[in-house]
Each structure stands twice: as structure tokens, then as C-alpha cells.
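Colleague: Below you'll find the structure I mean.
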Amino acid sequence: MTLLTGFTHAAPIDDALRQYDSGKYEEAAKAFLPLAESGAAVAQEKLSVMYFYGRGVAEDEGRAMEWARRSADQGNIDAMYFIGTMYVFGDTISKTVADPDQEAARWFFEAASRNHAEAEYGLGLLFLAGKGVVQDQEEALKWIRRAADHGHATARSFLAGERSAVR
């Protein structure tokens, strides 16, 4: 006789994500790797983050970029945003291109045009500072407003500060 408990086996990606979210990075990396190699965009993006920050694997910006690009090529907007982030904050990746700020802006735009709030905010900040794009306060505020509309708390705080500064 089989006793049904109401539990089903979680998909391997769900198990890997749970391990990642609970800080079990080495286990998560082992679980993500075969999924990423088989083409799972979410696993590829998570491995990218893990390699960039050295979570559960040796820090390696080159491998981080490889996994992020594979994921972004499949349309993963989190990976698109993360590529932009790597160009802004990377130590070695930023040296692989002539203008890392311009590359960041390009990737933030890719994700922002698909309503990724973090990318919208990041793009707005680049326009505000004139990094990688022409400095344009109006364009900056447009992207920061979009981020706020999509629930980005820091963008909302920024805009609240803008309104109080005008008064």
C-alpha cells in the first residue's frame, strides 16, 4: 500500500534555488551546473552571479560573463541586467571593452526596455551622471520614474527627494 503524503518532488531548479536562497552556495552550484549546461537560463544566470561574487565557486568574472551571456541570449532579463552590473562593478570585465559604462548602458537598456525595474533605475542613474550615455536629466527622470512605477523602492525615494527639493 502506498501512502500519499501530498508532497511532490520539486523540480531540480526549485531545489537549486532553495539551496541558493538559504546560502548553501556550494550545493547550489553543483545543482545549477548540469541545469545550466543543458540550457536552463535561470540556472545560467544564477551561476553567473555565483562566479562574479565567488559564492560556492571560485570568483571568476570571465566565467560569470559567459554564463550571463548564454542566459541573456535566451531572453533572460535578469541576466541582461547583471551583464550591465558586471560592466559597472567588475574588476576585470570592465577592462575587456573600450567603454564599460557604454556597455553597461546598452545592457541596462535591453533589460529596462522589458520593464526590469533595477535596470530602469540603473539606466536612469547613468543618464543622470552622463556615464556611457549623454548626460540628460529629463531622460534620467523618465527611467527612474519607470523604475518607481515598477516598484523600485530606491527610485521612489529618489523621486520623493526630487519633489521635496523643488518645493
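As shown in the C-alpha cells, the chain order sets the letters A, B, ...; within each chain, residues go from 1, and ligands are also counted from 1 in the order they appear.
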What's the 10 Å shell around range 106-119 of chain A, counting only C-alpha atoms, without same-chain residues fewer than 5 positions away, as a ChimeraX atom specification?
Modeller: /A:72,75-85,87,100-101,124-126,132-133,143-155
Colleague: Leaving out Thr96 in chain A and any residue of its chain fewer than 6 positions from it, which residues lie within 12 Å of it when counting only C-alpha atoms, given as a list in words?
Modeller: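 Counting only the stated atoms, we get Glu61, Gly62, Met65, Met86, Tyr87, Gly90 and Glu103 of chain A.
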Colleague: Neighbouring residues of Glu26 in chain A were defined as those with any atom within 10 Å, considering only C-alpha atoms; residues of the same chain fewer than 5 positions away were excluded. Please report them as a ChimeraX atom specification.
Modeller: /A:19-20,31-32,50,55-57
Colleague: Please identify which residues in range 5-73 of chain A DSSP calls helix (DSSP H, G or I) from the backbone, and express them as a PDB file with N, CA and C atoms, in the first residue's frame.
Modeller:
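Saved as selection-v2.pdb:
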ATOM      1  N   PRO A  12      14.320  19.999 -10.173  1.00  0.00           N
ATOM      2  CA  PRO A  12      15.710  20.264  -9.785  1.00  0.00           C
ATOM      3  C   PRO A  12      16.044  21.752  -9.684  1.00  0.00           C
ATOM      4  N   ILE A  13      15.477  22.570 -10.552  1.00  0.00           N
ATOM      5  CA  ILE A  13      15.763  24.007 -10.486  1.00  0.00           C
ATOM      6  C   ILE A  13      15.233  24.594  -9.181  1.00  0.00           C
ATOM      7  N   ASP A  14      14.067  24.125  -8.737  1.00  0.00           N
ATOM      8  CA  ASP A  14      13.499  24.625  -7.480  1.00  0.00           C
ATOM      9  C   ASP A  14      14.389  24.246  -6.298  1.00  0.00           C
ATOM     10  N   ASP A  15      14.899  23.020  -6.311  1.00  0.00           N
ATOM     11  CA  ASP A  15      15.822  22.588  -5.246  1.00  0.00           C
ATOM     12  C   ASP A  15      17.071  23.455  -5.242  1.00  0.00           C
ATOM     13  N   ALA A  16      17.629  23.705  -6.410  1.00  0.00           N
ATOM     14  CA  ALA A  16      18.844  24.516  -6.517  1.00  0.00           C
ATOM     15  C   ALA A  16      18.579  25.947  -6.041  1.00  0.00           C
ATOM     16  N   LEU A  17      17.442  26.500  -6.405  1.00  0.00           N
ATOM     17  CA  LEU A  17      17.093  27.859  -5.983  1.00  0.00           C
ATOM     18  C   LEU A  17      16.914  27.935  -4.469  1.00  0.00           C
ATOM     19  N   ARG A  18      16.316  26.901  -3.875  1.00  0.00           N
ATOM     20  CA  ARG A  18      16.156  26.861  -2.423  1.00  0.00           C
ATOM     21  C   ARG A  18      17.523  26.825  -1.730  1.00  0.00           C
ATOM     22  N   GLN A  19      18.429  26.016  -2.284  1.00  0.00           N
ATOM     23  CA  GLN A  19      19.775  25.954  -1.715  1.00  0.00           C
ATOM     24  C   GLN A  19      20.465  27.313  -1.831  1.00  0.00           C
ATOM     25  N   TYR A  20      20.336  27.938  -2.971  1.00  0.00           N
ATOM     26  CA  TYR A  20      20.931  29.258  -3.193  1.00  0.00           C
ATOM     27  C   TYR A  20      20.364  30.272  -2.198  1.00  0.00           C
ATOM     28  N   ASP A  21      19.034  30.315  -2.116  1.00  0.00           N
ATOM     29  CA  ASP A  21      18.373  31.289  -1.246  1.00  0.00           C
ATOM     30  C   ASP A  21      18.701  31.073   0.230  1.00  0.00           C
ATOM     31  N   TYR A  25      25.643  27.721  -0.978  1.00  0.00           N
ATOM     32  CA  TYR A  25      26.127  28.035  -2.315  1.00  0.00           C
ATOM     33  C   TYR A  25      26.868  26.884  -2.991  1.00  0.00           C
ATOM     34  N   GLU A  26      27.651  26.132  -2.243  1.00  0.00           N
ATOM     35  CA  GLU A  26      28.372  25.027  -2.879  1.00  0.00           C
ATOM     36  C   GLU A  26      27.402  23.981  -3.409  1.00  0.00           C
ATOM     37  N   GLU A  27      26.399  23.646  -2.603  1.00  0.00           N
ATOM     38  CA  GLU A  27      25.384  22.684  -3.053  1.00  0.00           C
ATOM     39  C   GLU A  27      24.597  23.242  -4.231  1.00  0.00           C
ATOM     40  N   ALA A  28      24.272  24.529  -4.154  1.00  0.00           N
ATOM     41  CA  ALA A  28      23.520  25.169  -5.239  1.00  0.00           C
ATOM     42  C   ALA A  28      24.326  25.139  -6.535  1.00  0.00           C
ATOM     43  N   ALA A  29      25.609  25.440  -6.449  1.00  0.00           N
ATOM     44  CA  ALA A  29      26.455  25.437  -7.648  1.00  0.00           C
ATOM     45  C   ALA A  29      26.474  24.057  -8.294  1.00  0.00           C
ATOM     46  N   LYS A  30      26.597  23.025  -7.474  1.00  0.00           N
ATOM     47  CA  LYS A  30      26.599  21.653  -8.004  1.00  0.00           C
ATOM     48  C   LYS A  30      25.266  21.315  -8.666  1.00  0.00           C
ATOM     49  N   ALA A  31      24.193  21.837  -8.110  1.00  0.00           N
ATOM     50  CA  ALA A  31      22.866  21.576  -8.677  1.00  0.00           C
ATOM     51  C   ALA A  31      22.620  22.414  -9.935  1.00  0.00           C
ATOM     52  N   PHE A  32      23.103  23.656  -9.941  1.00  0.00           N
ATOM     53  CA  PHE A  32      22.881  24.534 -11.097  1.00  0.00           C
ATOM     54  C   PHE A  32      23.693  24.113 -12.320  1.00  0.00           C
ATOM     55  N   LEU A  33      24.900  23.612 -12.114  1.00  0.00           N
ATOM     56  CA  LEU A  33      25.804  23.355 -13.238  1.00  0.00           C
ATOM     57  C   LEU A  33      25.194  22.458 -14.322  1.00  0.00           C
ATOM     58  N   PRO A  34      24.685  21.272 -13.998  1.00  0.00           N
ATOM     59  CA  PRO A  34      24.120  20.449 -15.084  1.00  0.00           C
ATOM     60  C   PRO A  34      22.886  21.090 -15.720  1.00  0.00           C
ATOM     61  N   LEU A  35      22.122  21.829 -14.924  1.00  0.00           N
ATOM     62  CA  LEU A  35      20.948  22.514 -15.469  1.00  0.00           C
ATOM     63  C   LEU A  35      21.385  23.614 -16.438  1.00  0.00           C
ATOM     64  N   ALA A  36      22.406  24.364 -16.049  1.00  0.00           N
ATOM     65  CA  ALA A  36      22.924  25.432 -16.907  1.00  0.00           C
ATOM     66  C   ALA A  36      23.504  24.854 -18.186  1.00  0.00           C
ATOM     67  N   GLU A  37      24.253  23.774 -18.053  1.00  0.00           N
ATOM     68  CA  GLU A  37      24.854  23.144 -19.239  1.00  0.00           C
ATOM     69  C   GLU A  37      23.798  22.619 -20.193  1.00  0.00           C
ATOM     70  N   ALA A  41      18.087  28.774 -18.563  1.00  0.00           N
ATOM     71  CA  ALA A  41      18.505  30.180 -18.472  1.00  0.00           C
ATOM     72  C   ALA A  41      18.599  30.674 -17.035  1.00  0.00           C
ATOM     73  N   VAL A  42      17.687  30.270 -16.175  1.00  0.00           N
ATOM     74  CA  VAL A  42      17.723  30.711 -14.778  1.00  0.00           C
ATOM     75  C   VAL A  42      18.970  30.161 -14.092  1.00  0.00           C
ATOM     76  N   ALA A  43      19.289  28.905 -14.326  1.00  0.00           N
ATOM     77  CA  ALA A  43      20.494  28.311 -13.738  1.00  0.00           C
ATOM     78  C   ALA A  43      21.742  29.016 -14.265  1.00  0.00           C
ATOM     79  N   GLN A  44      21.752  29.352 -15.526  1.00  0.00           N
ATOM     80  CA  GLN A  44      22.893  30.071 -16.111  1.00  0.00           C
ATOM     81  C   GLN A  44      23.068  31.434 -15.449  1.00  0.00           C
ATOM     82  N   GLU A  45      21.978  32.142 -15.250  1.00  0.00           N
ATOM     83  CA  GLU A  45      22.043  33.469 -14.627  1.00  0.00           C
ATOM     84  C   GLU A  45      22.515  33.355 -13.183  1.00  0.00           C
ATOM     85  N   LYS A  46      22.009  32.390 -12.439  1.00  0.00           N
ATOM     86  CA  LYS A  46      22.436  32.212 -11.036  1.00  0.00           C
ATOM     87  C   LYS A  46      23.908  31.841 -10.964  1.00  0.00           C
ATOM     88  N   LEU A  47      24.366  30.961 -11.845  1.00  0.00           N
ATOM     89  CA  LEU A  47      25.795  30.615 -11.863  1.00  0.00           C
ATOM     90  C   LEU A  47      26.634  31.846 -12.170  1.00  0.00           C
ATOM     91  N   SER A  48      26.141  32.696 -13.034  1.00  0.00           N
ATOM     92  CA  SER A  48      26.850  33.930 -13.354  1.00  0.00           C
ATOM     93  C   SER A  48      27.069  34.763 -12.098  1.00  0.00           C
ATOM     94  N   VAL A  49      26.020  34.949 -11.332  1.00  0.00           N
ATOM     95  CA  VAL A  49      26.103  35.716 -10.088  1.00  0.00           C
ATOM     96  C   VAL A  49      27.083  35.042  -9.127  1.00  0.00           C
ATOM     97  N   MET A  50      26.999  33.720  -9.038  1.00  0.00           N
ATOM     98  CA  MET A  50      27.863  32.977  -8.120  1.00  0.00           C
ATOM     99  C   MET A  50      29.335  33.127  -8.504  1.00  0.00           C
ATOM    100  N   TYR A  51      29.645  33.037  -9.783  1.00  0.00           N
ATOM    101  CA  TYR A  51      31.031  33.208 -10.230  1.00  0.00           C
ATOM    102  C   TYR A  51      31.505  34.643 -10.031  1.00  0.00           C
ATOM    103  N   PHE A  52      30.640  35.606 -10.262  1.00  0.00           N
ATOM    104  CA  PHE A  52      31.045  37.005 -10.115  1.00  0.00           C
ATOM    105  C   PHE A  52      31.426  37.318  -8.667  1.00  0.00           C
ATOM    106  N   TYR A  53      30.610  36.830  -7.731  1.00  0.00           N
ATOM    107  CA  TYR A  53      30.842  37.132  -6.316  1.00  0.00           C
ATOM    108  C   TYR A  53      31.617  36.048  -5.563  1.00  0.00           C
ATOM    109  N   GLU A  61      35.294  36.352 -13.087  1.00  0.00           N
ATOM    110  CA  GLU A  61      34.441  37.253 -13.863  1.00  0.00           C
ATOM    111  C   GLU A  61      34.247  36.784 -15.299  1.00  0.00           C
ATOM    112  N   GLY A  62      35.252  36.157 -15.862  1.00  0.00           N
ATOM    113  CA  GLY A  62      35.121  35.647 -17.225  1.00  0.00           C
ATOM    114  C   GLY A  62      34.043  34.583 -17.324  1.00  0.00           C
ATOM    115  N   ARG A  63      34.061  33.627 -16.403  1.00  0.00           N
ATOM    116  CA  ARG A  63      33.021  32.588 -16.403  1.00  0.00           C
ATOM    117  C   ARG A  63      31.665  33.188 -16.080  1.00  0.00           C
ATOM    118  N   ALA A  64      31.655  34.184 -15.187  1.00  0.00           N
ATOM    119  CA  ALA A  64      30.397  34.856 -14.860  1.00  0.00           C
ATOM    120  C   ALA A  64      29.790  35.463 -16.125  1.00  0.00           C
ATOM    121  N   MET A  65      30.631  36.121 -16.925  1.00  0.00           N
ATOM    122  CA  MET A  65      30.133  36.742 -18.154  1.00  0.00           C
ATOM    123  C   MET A  65      29.665  35.684 -19.151  1.00  0.00           C
ATOM    124  N   GLU A  66      30.404  34.587 -19.263  1.00  0.00           N
ATOM    125  CA  GLU A  66      29.996  33.523 -20.193  1.00  0.00           C
ATOM    126  C   GLU A  66      28.601  33.011 -19.851  1.00  0.00           C
ATOM    127  N   TRP A  67      28.358  32.711 -18.569  1.00  0.00           N
ATOM    128  CA  TRP A  67      27.046  32.197 -18.174  1.00  0.00           C
ATOM    129  C   TRP A  67      25.961  33.256 -18.352  1.00  0.00           C
ATOM    130  N   ALA A  68      26.274  34.498 -18.022  1.00  0.00           N
ATOM    131  CA  ALA A  68      25.273  35.559 -18.164  1.00  0.00           C
ATOM    132  C   ALA A  68      24.896  35.753 -19.629  1.00  0.00           C
ATOM    133  N   ARG A  69      25.880  35.723 -20.504  1.00  0.00           N
ATOM    134  CA  ARG A  69      25.579  35.898 -21.946  1.00  0.00           C
ATOM    135  C   ARG A  69      24.723  34.753 -22.474  1.00  0.00           C
ATOM    136  N   ARG A  70      25.036  33.537 -22.057  1.00  0.00           N
ATOM    137  CA  ARG A  70      24.228  32.400 -22.517  1.00  0.00           C
ATOM    138  C   ARG A  70      22.780  32.565 -22.061  1.00  0.00           C
ATOM    139  N   SER A  71      22.607  33.033 -20.838  1.00  0.00           N
ATOM    140  CA  SER A  71      21.260  33.246 -20.313  1.00  0.00           C
ATOM    141  C   SER A  71      20.574  34.415 -21.021  1.00  0.00           C
ATOM    142  N   ALA A  72      21.297  35.514 -21.192  1.00  0.00           N
ATOM    143  CA  ALA A  72      20.734  36.696 -21.863  1.00  0.00           C
ATOM    144  C   ALA A  72      20.349  36.377 -23.307  1.00  0.00           C
ATOM    145  N   ASP A  73      21.151  35.542 -23.958  1.00  0.00           N
ATOM    146  CA  ASP A  73      20.840  35.150 -25.342  1.00  0.00           C
ATOM    147  C   ASP A  73      19.500  34.431 -25.440  1.00  0.00           C
TER     148      ASP A  73
END
Colleague: Go ahead and compute the interatomic distance for CA of Gly130 in chain A and CA of Arg156 in chain A, in Å to one decimal.
Modeller: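 It comes out at 21.0 Å.
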Colleague: At what distance in Å, to one decimal, does CA of Ser157 in chain A lie from CA of Gln102 in chain A?
Modeller: 26.0 Å
Colleague: Just the number, please: distance in Å from CA of Ile93 in chain A to CA of Ala105 in chain A, one decimal.
Modeller: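 Here the two named atoms are 14.7 Å from each other.
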